[in-house]
Every structure is written in structure tokens, then in C-alpha cells.
Amino acid sequence: MSKVSIGSITCTRCGENIPVHTYEYINSIEDSRLAELLVGRGLFTRVCPKCGETYETVYPTMYHLAEKNKMIMFAPDDECSKEYEESSQVFVQMGVDRRIVRSISDLIEKVNIFNADLRDTCVEVVKIMLFSRFYQEGKDVRHIYFDRVDGEDAIFDVDTLDGWLAVPVSIETIRGLAGDIPQEIDNLTVDVRTMGEYLKGIGG
Ligand SMILES: [Zn+2]
């Protein structure tokens with residue numbers, strides 16, 4: 001079952017007390033409502049019942065995407081990351097593939113990637129290719145996130161200084177990368193940085 005604790009914050013605009021539910025552990029199959037809230041960011045968003053002001057509350061959580069056999073842990077700092085690495089060992093014995101992420105956006109992206117049945121290592125390589133393409137075009141890009149599948153394409157959201165762009169990349173291209181990436185690269189931390197280091201290491 002999902003583990004919940006209840007606290008509260010005070011609305012800085014009107015002084016109202018806003019109840020805050022935080023979830024230490026969520027199982028996607030046992031609690032599909034929370035799974036939906038998570039990908040919609042609602043799990044971390046609070047709305048003041050009196051004045052409607054919204055707040056983002058950040059808290060660490062372990063998300064067990066049970067139908068895909070994945071455990072995605074949102075650890076905002078090193079200490080939490082270490083703790084999760086140890087406490088999730090029990091899931092390794094159950095054959096669950098683990099990931100640790102550092103931001104809510106990264107957490108949501110991972111869930112979207114695995115729900116789309118894509119390999120995150122391949123998705124990160126595509127993001128590196130997109131970064132380099134935009135760089136060559138002289139465009140500054142802050143972030144790139146996998147968003148969703150649309151027909152034959154994966155849609156990436158690209159955060160440029162001029163706003164967000166939706167960039168399609170064919171799913172065939174992404175899946176085609178899998179053969180070149182050894183399975184042991186699929187580790188606790190898979191992101192643009194670790195995949196960049198990997199590509200550098202093989203001279204790519
Ligand atoms: Zn308020």
C-alpha cells in the first residue's frame with residue numbers, strides 16, 4: 001500500500017491552513033489515482049482552499065511502477081539518494097530495475113519513458129543528439145524532456161530561450177539505438193550527463 005503522512009502549510013497570501021499529503025511510497029497498480037496525479041504533477045501541487053493560491057511542495061518519494069517492474073526514486077539530495085539506494089535493495093532481489101532522479105520533472109519524465117516502453121538510456125542519447133543539433137543551429141536550450149508518444153513519433157519538449165518547442169523523433173530511431181548500448185549502462189542513474197560520459201568513453 002501507499003504510505004502517506006499528513007502535514008500542513010500556511011498560505012502566505014491569506015493565512016489559511018492548507019493540508020499537505022506526502023507519500024513516502026507509491027505503488028502504481030495498488031494506487032492508480034496517485035499514479036495519475038504524479039504524471040500530472042498534482043502530487044506536488046497544493047491549492048489554497050480559500051484563495052486559490054498554488055504551491056509546489058517538494059518531498060522525496062519512492063514510486064514503484066509495478067506494471068513495468070521499475071522503481072523510480074525521487075531523492076532531492078545526496079543523503080536521501082544514499083538512503084534510497086540502500087533501502088531499495090530489497091526490490092533488487094525481486095528483480096526490479098531501479099532509478100534515482102533529482103527533480104520532479106525528471107521523475108515524471110522517467111515514468112513517461114517507461115510507460116511508453118522505451119529504454120531511458122536510448123532516450124538520453126536522443127536528447128544529447130537534440131542538444132547538439134540545437135547548438136549547431138546557434139539556439140540555446142536549457143532542458144529537453146521526453147513527453148509522450150504520438151503515432152510513430154516520440155515527442156520531446158525542448159526548453160529554449162524563446163519558449164518551449166515540441167520536437168518529434170521517430171520511435172524506430174530511438175529503439176534502433178538499443179543494440180549499441182550495453183545493458184549494464186542501465187543503472188541507478190541514467191541521465192544526459194551519465195550518457196554523455198558513456199559516449200565520450202567509447203569515443204562517440
Ligand atoms: Zn490562501
# chains A, B, ... in the order shown; residues from 1 in each chain; ligands from 1
>>> select_by_dssp(residues="range 125-191 of chain A", states="alpha helix (DSSP H)", output="VMD selection string")
chain A and resid 125 to 136 171 to 176
>>> select_by_dssp(residues="range 16-185 of chain A", states="strand (DSSP E or B)", output="PyMOL selection string")
chain A and resi 17-27+45-47+54-56+61-65+70-74+97-101+141-150+153-160+163-170
>>> residues_near_ligand(ligand="ligand 1", cutoff="7 Å", atoms="only C-alpha atoms and all ligand atoms", output="ChimeraX atom specification")
/A:11-16,48-53
>>> write_last_selection(atoms="N, CA and C atoms", output="mmCIF file, in the first residue's frame")
data_model
loop_
_atom_site.group_PDB
_atom_site.id
_atom_site.type_symbol
_atom_site.label_atom_id
_atom_site.label_comp_id
_atom_site.auth_asym_id
_atom_site.auth_seq_id
_atom_site.Cartn_x
_atom_site.Cartn_y
_atom_site.Cartn_z
ATOM 1 N N CYS A 11 -0.926 29.375 4.019
ATOM 2 C CA CYS A 11 -0.979 30.172 2.793
ATOM 3 C C CYS A 11 -0.365 31.540 3.070
ATOM 4 N N THR A 12 0.644 31.901 2.281
ATOM 5 C CA THR A 12 1.317 33.185 2.519
ATOM 6 C C THR A 12 0.454 34.357 2.048
ATOM 7 N N ARG A 13 -0.569 34.053 1.264
ATOM 8 C CA ARG A 13 -1.410 35.120 0.742
ATOM 9 C C ARG A 13 -2.572 35.455 1.699
ATOM 10 N N CYS A 14 -3.222 34.393 2.229
ATOM 11 C CA CYS A 14 -4.412 34.661 3.046
ATOM 12 C C CYS A 14 -4.341 34.075 4.458
ATOM 13 N N GLY A 15 -3.285 33.304 4.761
ATOM 14 C CA GLY A 15 -3.126 32.770 6.112
ATOM 15 C C GLY A 15 -3.856 31.471 6.382
ATOM 16 N N GLU A 16 -4.580 30.969 5.407
ATOM 17 C CA GLU A 16 -5.319 29.714 5.576
ATOM 18 C C GLU A 16 -4.358 28.530 5.748
ATOM 19 N N CYS A 48 -4.637 26.486 -2.254
ATOM 20 C CA CYS A 48 -5.281 27.030 -1.052
ATOM 21 C C CYS A 48 -6.793 26.956 -1.237
ATOM 22 N N PRO A 49 -7.506 26.282 -0.290
ATOM 23 C CA PRO A 49 -8.958 26.125 -0.451
ATOM 24 C C PRO A 49 -9.707 27.468 -0.344
ATOM 25 N N LYS A 50 -9.039 28.466 0.254
ATOM 26 C CA LYS A 50 -9.734 29.743 0.477
ATOM 27 C C LYS A 50 -9.500 30.737 -0.664
ATOM 28 N N CYS A 51 -8.215 30.929 -1.051
ATOM 29 C CA CYS A 51 -7.937 31.971 -2.051
ATOM 30 C C CYS A 51 -7.465 31.421 -3.395
ATOM 31 N N GLY A 52 -7.198 30.116 -3.467
ATOM 32 C CA GLY A 52 -6.835 29.528 -4.757
ATOM 33 C C GLY A 52 -5.361 29.629 -5.123
ATOM 34 N N GLU A 53 -4.546 30.219 -4.238
ATOM 35 C CA GLU A 53 -3.107 30.303 -4.496
ATOM 36 C C GLU A 53 -2.532 28.880 -4.596
#
>>> atom_distance(atom1="CA of Val192 in chain A", atom2="CA of Thr45 in chain A")
26.5 Å
>>> closest_residue(among="A:Glu172, A:Glu85, A:Asp140, A:Glu36", to="Asn112 in chain A", atoms="only C-alpha atoms")
A:Glu36
>>> closest_residue(among="A:Asp117, A:Glu184, A:Asp159, A:Asp153", to="Asn69 in chain A", atoms="only C-alpha atoms")
A:Asp117
